[in-house]
Amino acid sequence: MAFKKNRRSPLAAIIVMAAGLALTGGGYAAATAAVDAVKPVSAAYTAEQVTEGKKLFLANCASCHGKNAEGTKAAPSLIGVGAAAVEFQVDSGRMPGQASGPQLQVKKKQFTDEQVDALVAYASTLGDGPAVPTEEMIAANGNATRGGELFRINCAMCHNAVGAGGALTEGKYAPALKGVPADHIYEAMLTGPQNMPVFNDANLTPQDKKDIITYLKFVEENPSAGGYELANLGPVVEGLFTWVFILGFIIAITIWLGAKSN
Amino acid sequence: MSEKKLAKAGSKNSEHEYAGGLAVIAPDAVKDPGLEPHRTRMTDKSVKHEKAAARQVAALFLASIVGSAFAIYAYFAFPLTEELGTVRNNTLLLGLGITLGLLGIGIGAVHWAKTLMPDAEVSEERHQTRGSEEVRARAIEIIKLADSESGFSRRKLIRRSLYGALALFPLPAIMIFGDLGPNPGNTLRHTMWKKGTRLTTDPTGTPIKASDVTLGSVFHVIPEGLSELEHGKLEEKAKAAVLLVRLDPKDLKESAERKDWSYDGIVAYSKICTHVGCPVALYEQQTHHLLCPCHQSTFDVTDACKVIFGPASRPLPQLPIAVDAEGYLIAQSDFTEPVGPSFWER
């Protein structure tokens with residue numbers, strides 16, 4: 001609370017303005033440095049990777065996304081979507097898309113890991129966009145309890161409280177999150193693929209995202225304490241199981257009770 | 001055809017004579033099939049089968065003993081510890097043991113009765129519900145005697161005061177309903193939002209800058225200060241929860257009076273479904289549909305959250321928002337209509 005009060009005081013505003021004026025001189029350099037800080041990973045891509053990526057792009061993606069990734073009527077522009085978006089779509093096997101429909105399906109990955117990296121390297125040259133997260137950012141060593149709370153508030157309405165997935169409108173669905181690699185989870189939150197909203201770093205900080213990944217991995221590794229989960233889909237599935245199996249058993253017993261012995 | 005004749009015609013078909021009642025027996029009534037012929041069981045025909053059946057019954061009872069013993073063993077062998085997973089083994093194995101213990105007894109007893117106990121068919125006829133003339137006359141006699149001895153018909157004052165007492169007796173019970181809770185007053189019409197309240201993220205309470213809400217973003221929002229409330233935090237949250245979305249301003253269809261309720265394509269809507277109050281939060285960023293997971297009510301975020309599918313009858317209330325001097329999103333006022341499901345006075 002003390003922090004908030006300080007920020008609101010008029011004195012603080014004056015200090016901020018003074019600091020802002022003082023920084024104006026070095027502003028350009030600072031801005032350049034900030035941009036560099038945003039995508040440290042892109043520096044790791046070699047020129048060969050970018051060239052190779054461009055070749056792969058022209059052969060596999062350009063027919064829909066345009067020769068310069070500027071987008072066509074069939075597909076959006078990829079300028080500024082960032083390396084994270086491209087890695088998510090291609091590495092998860094969603095892109096290249098197979099058929100039009102309510103939602104792109106996950107299928108067998110179309111490229112080798114090296115080819116995916118090359119495409120990602122090429123994508124990182126197409127304007128500024130979210131970079132691929134580092135190993136440390138996606139390591140499942142955050143706070144699972146906090147991650148669980150954030151997941152229930154921000155994600156569970158579509159993806160189910162334990163990430164079992166769920167239906168959306170008109171044939172679309174939120175996929176199950178079990179077995180999804182941590183980097184894909186991170187990139188999906190950051191870029192909002194298809195109908196998923198974007199959860200940028202102001203909404204869910206990198207630490208929040210790490211906690212959410214920790215929670216999902218915890219749920220994956222710790223099976224339900226209540227026994228068989230029946231796909232974690234909740235009361236409908238549990239009710240169906242009871243109707244079919246438990247009531248079926250009771251009916252069988254009733255028939256046996258009424259039948260005469262041979 | 002007279003009733004008597006009908007009864008006679010019916011009685012020809014049935015084995016038993018019924019004295020006159022109200023039932024009409026149709027002349028072409030379905031014939032009483034009677035008991036099916038007795039069939040001798042294998043256990044009655046051969047000693048070998050009888051012995052086998054006896055062994056099966058004993059085996060079922062023995063299985064029950066094993067089951068019960070196993071349940072006791074499982075209780076100690078798979079104890080509940082701090083680890084959550086132990087609940088599963090404990091419950092499963094204890095339950096299986098008890099199930100076997102109970103089913104063994106039940107199935108054994110039924111098998112015993114079906115195969116070894118006498119199976120001669122016996123039929124028991126229903127008797128008439130109408131009493132004989134003597135019984136009926138005697139009943140009337142008793143009622144009349146009670147009436148004359150108590151003076152119930154004669155003493156009008158007593159009788160009428162008793163009626164009055166019985167009529168008033170349940171009323172205090174109805175009065176007690178008033179104690180079920182305080183009247184909701186105007187709490188259903190107002191939420192924590194007021195002019196200048198900052199929009200903060202749920203659950204951290206961080207204020208949200210308009211610039212943080214990028215295109216396609218969705219923020220789950222609570223009013224500033226909600227987390228610090230000491231009383232009624234959940235009640236307030238249940239009313240004040242808001243969903244914040246940024247759309248391309250081109251996509252927004254805004255009416256004239258709501259033109260200044262949004263900020264640069266950022267719109268805030270109540271998260272409480274107008275059907276039965278579930279949190280509506282399944283936002284699709286390409287179609288701008290907002291779906292309620294409970295009954296699939298779907299709202300169109302581009303068009304004032306109008307209902308486009310499902311059982312909800314009213315659009316989601318919109319929270320008018322603005323930006324303060326520091327760039328943070330604030331509410332212009334409370335919601336202009338009650339949030340959540342309909343109630344009888346709105």
# chains A, B, ... in the order shown; residues from 1 in each chain; ligands from 1

$ interface_residues --of "chain B" --to "chain A" --cutoff "6 Å" --atoms "only C-alpha atoms" --output "VMD selection string"
chain B and resid 41 to 42 84 to 85 88 114 to 115 212 216 to 218 282 284 to 286

$ residues_around --residues "A:Val132" --least-positions-apart "6" --cutoff "12 Å" --atoms "only C-alpha atoms" --output "PyMOL selection string"
chain A and resi 38-45+81-88+91+117+120-121+123-124+138+182-191

$ write_last_selection --atoms "N, CA and C atoms" --output "mmCIF file, in the first residue's frame"
data_model
loop_
_atom_site.group_PDB
_atom_site.id
_atom_site.type_symbol
_atom_site.label_atom_id
_atom_site.label_comp_id
_atom_site.auth_asym_id
_atom_site.auth_seq_id
_atom_site.Cartn_x
_atom_site.Cartn_y
_atom_site.Cartn_z
ATOM 1 N N VAL A 38 14.476 -7.281 -25.465
ATOM 2 C CA VAL A 38 13.228 -8.017 -25.660
ATOM 3 C C VAL A 38 13.489 -9.339 -26.368
ATOM 4 N N LYS A 39 14.396 -9.316 -27.348
ATOM 5 C CA LYS A 39 14.598 -10.566 -28.088
ATOM 6 C C LYS A 39 16.079 -10.971 -28.119
ATOM 7 N N PRO A 40 16.532 -11.440 -26.973
ATOM 8 C CA PRO A 40 17.923 -11.855 -26.936
ATOM 9 C C PRO A 40 18.139 -13.133 -27.759
ATOM 10 N N VAL A 41 17.047 -13.916 -27.884
ATOM 11 C CA VAL A 41 17.188 -15.222 -28.517
ATOM 12 C C VAL A 41 17.450 -15.091 -30.007
ATOM 13 N N SER A 42 16.849 -14.047 -30.617
ATOM 14 C CA SER A 42 16.946 -13.931 -32.072
ATOM 15 C C SER A 42 18.407 -13.802 -32.510
ATOM 16 N N ALA A 43 19.208 -13.264 -31.613
ATOM 17 C CA ALA A 43 20.623 -13.129 -31.941
ATOM 18 C C ALA A 43 21.276 -14.496 -32.123
ATOM 19 N N ALA A 44 20.659 -15.527 -31.516
ATOM 20 C CA ALA A 44 21.245 -16.854 -31.556
ATOM 21 C C ALA A 44 21.039 -17.534 -32.916
ATOM 22 N N TYR A 45 20.172 -16.973 -33.748
ATOM 23 C CA TYR A 45 19.940 -17.601 -35.046
ATOM 24 C C TYR A 45 21.026 -17.178 -36.029
ATOM 25 N N VAL A 81 4.256 -11.276 -35.917
ATOM 26 C CA VAL A 81 3.641 -12.274 -35.025
ATOM 27 C C VAL A 81 4.689 -12.853 -34.074
ATOM 28 N N GLY A 82 5.947 -12.814 -34.490
ATOM 29 C CA GLY A 82 7.006 -13.242 -33.591
ATOM 30 C C GLY A 82 7.381 -14.695 -33.757
ATOM 31 N N ALA A 83 8.600 -14.995 -33.283
ATOM 32 C CA ALA A 83 9.118 -16.350 -33.375
ATOM 33 C C ALA A 83 8.281 -17.311 -32.534
ATOM 34 N N ALA A 84 7.750 -16.826 -31.401
ATOM 35 C CA ALA A 84 6.990 -17.689 -30.494
ATOM 36 C C ALA A 84 5.761 -18.255 -31.194
ATOM 37 N N ALA A 85 5.051 -17.383 -31.948
ATOM 38 C CA ALA A 85 3.832 -17.830 -32.625
ATOM 39 C C ALA A 85 4.159 -18.891 -33.660
ATOM 40 N N VAL A 86 5.251 -18.658 -34.414
ATOM 41 C CA VAL A 86 5.606 -19.603 -35.479
ATOM 42 C C VAL A 86 6.040 -20.933 -34.878
ATOM 43 N N GLU A 87 6.822 -20.872 -33.805
ATOM 44 C CA GLU A 87 7.242 -22.145 -33.226
ATOM 45 C C GLU A 87 6.030 -22.924 -32.707
ATOM 46 N N PHE A 88 5.098 -22.217 -32.048
ATOM 47 C CA PHE A 88 3.910 -22.906 -31.542
ATOM 48 C C PHE A 88 3.145 -23.594 -32.666
ATOM 49 N N ASP A 91 5.698 -26.283 -34.646
ATOM 50 C CA ASP A 91 6.253 -27.356 -33.829
ATOM 51 C C ASP A 91 5.144 -28.254 -33.272
ATOM 52 N N ASP A 117 13.430 -24.836 -36.391
ATOM 53 C CA ASP A 117 14.301 -23.758 -35.916
ATOM 54 C C ASP A 117 14.593 -22.760 -37.026
ATOM 55 N N VAL A 120 11.605 -20.626 -37.543
ATOM 56 C CA VAL A 120 11.501 -19.690 -36.426
ATOM 57 C C VAL A 120 12.515 -18.569 -36.604
ATOM 58 N N ALA A 121 13.716 -18.930 -37.060
ATOM 59 C CA ALA A 121 14.756 -17.918 -37.287
ATOM 60 C C ALA A 121 14.289 -16.927 -38.344
ATOM 61 N N ALA A 123 11.163 -16.249 -39.119
ATOM 62 C CA ALA A 123 10.043 -15.479 -38.568
ATOM 63 C C ALA A 123 10.544 -14.351 -37.681
ATOM 64 N N SER A 124 11.666 -14.602 -36.967
ATOM 65 C CA SER A 124 12.165 -13.573 -36.049
ATOM 66 C C SER A 124 12.709 -12.364 -36.812
ATOM 67 N N ILE A 138 10.513 -21.588 -18.936
ATOM 68 C CA ILE A 138 9.462 -22.613 -19.007
ATOM 69 C C ILE A 138 9.710 -23.772 -18.064
ATOM 70 N N ALA A 182 6.016 -27.690 -22.397
ATOM 71 C CA ALA A 182 5.953 -26.428 -21.657
ATOM 72 C C ALA A 182 6.161 -25.219 -22.569
ATOM 73 N N ASP A 183 7.063 -25.361 -23.594
ATOM 74 C CA ASP A 183 7.298 -24.189 -24.449
ATOM 75 C C ASP A 183 6.059 -23.852 -25.277
ATOM 76 N N HIS A 184 5.305 -24.867 -25.677
ATOM 77 C CA HIS A 184 4.068 -24.588 -26.423
ATOM 78 C C HIS A 184 3.050 -23.888 -25.535
ATOM 79 N N ILE A 185 2.948 -24.332 -24.264
ATOM 80 C CA ILE A 185 2.002 -23.687 -23.343
ATOM 81 C C ILE A 185 2.372 -22.212 -23.200
ATOM 82 N N TYR A 186 3.670 -21.957 -23.007
ATOM 83 C CA TYR A 186 4.124 -20.579 -22.818
ATOM 84 C C TYR A 186 3.813 -19.745 -24.055
ATOM 85 N N GLU A 187 4.143 -20.300 -25.226
ATOM 86 C CA GLU A 187 3.951 -19.543 -26.470
ATOM 87 C C GLU A 187 2.474 -19.300 -26.756
ATOM 88 N N ALA A 188 1.616 -20.275 -26.402
ATOM 89 C CA ALA A 188 0.182 -20.095 -26.627
ATOM 90 C C ALA A 188 -0.338 -18.944 -25.776
ATOM 91 N N MET A 189 0.097 -18.885 -24.503
ATOM 92 C CA MET A 189 -0.344 -17.788 -23.644
ATOM 93 C C MET A 189 0.125 -16.452 -24.208
ATOM 94 N N LEU A 190 1.356 -16.436 -24.687
ATOM 95 C CA LEU A 190 1.972 -15.185 -25.134
ATOM 96 C C LEU A 190 1.360 -14.686 -26.442
ATOM 97 N N THR A 191 1.007 -15.612 -27.342
ATOM 98 C CA THR A 191 0.599 -15.176 -28.680
ATOM 99 C C THR A 191 -0.888 -15.355 -28.973
#

$ residues_around --residues "B:Val122" --least-positions-apart "3" --cutoff "12 Å" --atoms "only C-alpha atoms" --output "MDAnalysis selection string"
chainID B and resid 34:38 118:119 125

$ residues_around --residues "A:Gln110" --least-positions-apart "4" --cutoff "10 Å" --atoms "only C-alpha atoms" --output "PyMOL selection string"
chain A and resi 60+90-96+115-116

$ atom_distance --atom1 "atom CA of A:Ile212" --atom2 "atom CA of B:Leu319"
29.0 Å

$ closest_residue --among "A:Asp128, A:Glu136, A:Glu220, A:Glu170" --to "A:Gln207" --atoms "only C-alpha atoms"
A:Glu136

$ atom_distance --atom1 "atom CA of B:Thr201" --atom2 "atom CA of B:Glu224"
8.7 Å

$ atom_distance --atom1 "atom CA of B:Ala58" --atom2 "atom CA of B:Met117"
14.5 Å

$ residues_around --residues "B:Ile330" --least-positions-apart "6" --cutoff "7 Å" --atoms "only C-alpha atoms" --output "list of chain:residue names"
B:Gly196, B:Thr197, B:Arg198, B:Leu199, B:Ile321, B:Ala322, B:Val323, B:Asp324

$ write_last_selection --atoms "N, CA and C atoms" --output "compact mmCIF listing (two decimals), in the first residue's frame"
# COMPACT_ATOMS: atom_id res chain seq x y z
N GLY B 196 -14.27 6.34 -10.80
CA GLY B 196 -12.86 6.45 -10.47
C GLY B 196 -12.21 5.18 -9.93
N THR B 197 -13.01 4.10 -9.67
CA THR B 197 -12.41 2.86 -9.20
C THR B 197 -11.52 2.28 -10.30
N ARG B 198 -10.28 1.94 -9.92
CA ARG B 198 -9.38 1.39 -10.93
C ARG B 198 -9.72 -0.06 -11.23
N LEU B 199 -9.50 -0.46 -12.46
CA LEU B 199 -9.66 -1.86 -12.86
C LEU B 199 -8.36 -2.58 -12.52
N ILE B 321 -16.02 2.66 -18.94
CA ILE B 321 -14.65 2.84 -18.48
C ILE B 321 -14.02 4.08 -19.10
N ALA B 322 -12.96 4.52 -18.46
CA ALA B 322 -12.18 5.66 -18.96
C ALA B 322 -10.75 5.45 -18.51
N VAL B 323 -9.89 6.41 -18.79
CA VAL B 323 -8.49 6.30 -18.41
C VAL B 323 -8.14 7.50 -17.54
N ASP B 324 -7.42 7.25 -16.43
CA ASP B 324 -7.07 8.39 -15.56
C ASP B 324 -5.76 9.03 -16.03

$ decode --residues "stretch 182-230 of chain A" --atoms "C-alpha atoms" --output "PDB file, in the first residue's frame"
ATOM      1  CA  ALA A 182       5.953 -26.428 -21.657  1.00  0.00           C
ATOM      2  CA  ASP A 183       7.298 -24.189 -24.449  1.00  0.00           C
ATOM      3  CA  HIS A 184       4.068 -24.588 -26.423  1.00  0.00           C
ATOM      4  CA  ILE A 185       2.002 -23.687 -23.343  1.00  0.00           C
ATOM      5  CA  TYR A 186       4.124 -20.579 -22.818  1.00  0.00           C
ATOM      6  CA  GLU A 187       3.951 -19.543 -26.470  1.00  0.00           C
ATOM      7  CA  ALA A 188       0.182 -20.095 -26.627  1.00  0.00           C
ATOM      8  CA  MET A 189      -0.344 -17.788 -23.644  1.00  0.00           C
ATOM      9  CA  LEU A 190       1.972 -15.185 -25.134  1.00  0.00           C
ATOM     10  CA  THR A 191       0.599 -15.176 -28.680  1.00  0.00           C
ATOM     11  CA  GLY A 192      -3.027 -16.313 -28.397  1.00  0.00           C
ATOM     12  CA  PRO A 193      -3.251 -18.790 -31.282  1.00  0.00           C
ATOM     13  CA  GLN A 194      -6.542 -19.076 -33.187  1.00  0.00           C
ATOM     14  CA  ASN A 195      -9.425 -18.219 -30.860  1.00  0.00           C
ATOM     15  CA  MET A 196      -7.410 -18.225 -27.656  1.00  0.00           C
ATOM     16  CA  PRO A 197      -7.034 -14.710 -26.243  1.00  0.00           C
ATOM     17  CA  VAL A 198      -3.583 -13.195 -25.771  1.00  0.00           C
ATOM     18  CA  PHE A 199      -2.116 -13.151 -22.253  1.00  0.00           C
ATOM     19  CA  ASN A 200       0.728 -10.685 -22.641  1.00  0.00           C
ATOM     20  CA  ASP A 201       3.397 -10.103 -20.007  1.00  0.00           C
ATOM     21  CA  ALA A 202       1.421  -7.242 -18.427  1.00  0.00           C
ATOM     22  CA  ASN A 203      -1.545  -9.554 -17.896  1.00  0.00           C
ATOM     23  CA  LEU A 204       0.331 -12.689 -16.842  1.00  0.00           C
ATOM     24  CA  THR A 205       3.944 -11.887 -16.023  1.00  0.00           C
ATOM     25  CA  PRO A 206       6.660 -14.369 -17.057  1.00  0.00           C
ATOM     26  CA  GLN A 207       6.628 -15.559 -13.432  1.00  0.00           C
ATOM     27  CA  ASP A 208       2.829 -16.085 -13.626  1.00  0.00           C
ATOM     28  CA  LYS A 209       3.270 -18.098 -16.818  1.00  0.00           C
ATOM     29  CA  LYS A 210       5.997 -20.177 -15.193  1.00  0.00           C
ATOM     30  CA  ASP A 211       3.718 -20.868 -12.202  1.00  0.00           C
ATOM     31  CA  ILE A 212       0.889 -21.931 -14.529  1.00  0.00           C
ATOM     32  CA  ILE A 213       3.232 -24.332 -16.338  1.00  0.00           C
ATOM     33  CA  THR A 214       4.383 -25.649 -12.938  1.00  0.00           C
ATOM     34  CA  TYR A 215       0.758 -26.266 -11.959  1.00  0.00           C
ATOM     35  CA  LEU A 216      -0.059 -28.082 -15.216  1.00  0.00           C
ATOM     36  CA  LYS A 217       3.028 -30.274 -14.935  1.00  0.00           C
ATOM     37  CA  PHE A 218       2.179 -30.981 -11.277  1.00  0.00           C
ATOM     38  CA  VAL A 219      -1.340 -32.081 -12.225  1.00  0.00           C
ATOM     39  CA  GLU A 220       0.099 -34.235 -14.996  1.00  0.00           C
ATOM     40  CA  GLU A 221       2.516 -36.005 -12.679  1.00  0.00           C
ATOM     41  CA  ASN A 222       0.175 -36.415  -9.701  1.00  0.00           C
ATOM     42  CA  PRO A 223      -2.759 -38.599 -10.611  1.00  0.00           C
ATOM     43  CA  SER A 224      -6.173 -37.894  -9.177  1.00  0.00           C
ATOM     44  CA  ALA A 225      -6.500 -38.803  -5.510  1.00  0.00           C
ATOM     45  CA  GLY A 226     -10.124 -39.745  -6.104  1.00  0.00           C
ATOM     46  CA  GLY A 227      -9.323 -42.713  -8.351  1.00  0.00           C
ATOM     47  CA  TYR A 228     -10.040 -43.113 -12.060  1.00  0.00           C
ATOM     48  CA  GLU A 229     -10.643 -39.653 -13.539  1.00  0.00           C
ATOM     49  CA  LEU A 230     -12.862 -40.659 -16.490  1.00  0.00           C
TER      50      LEU A 230
END
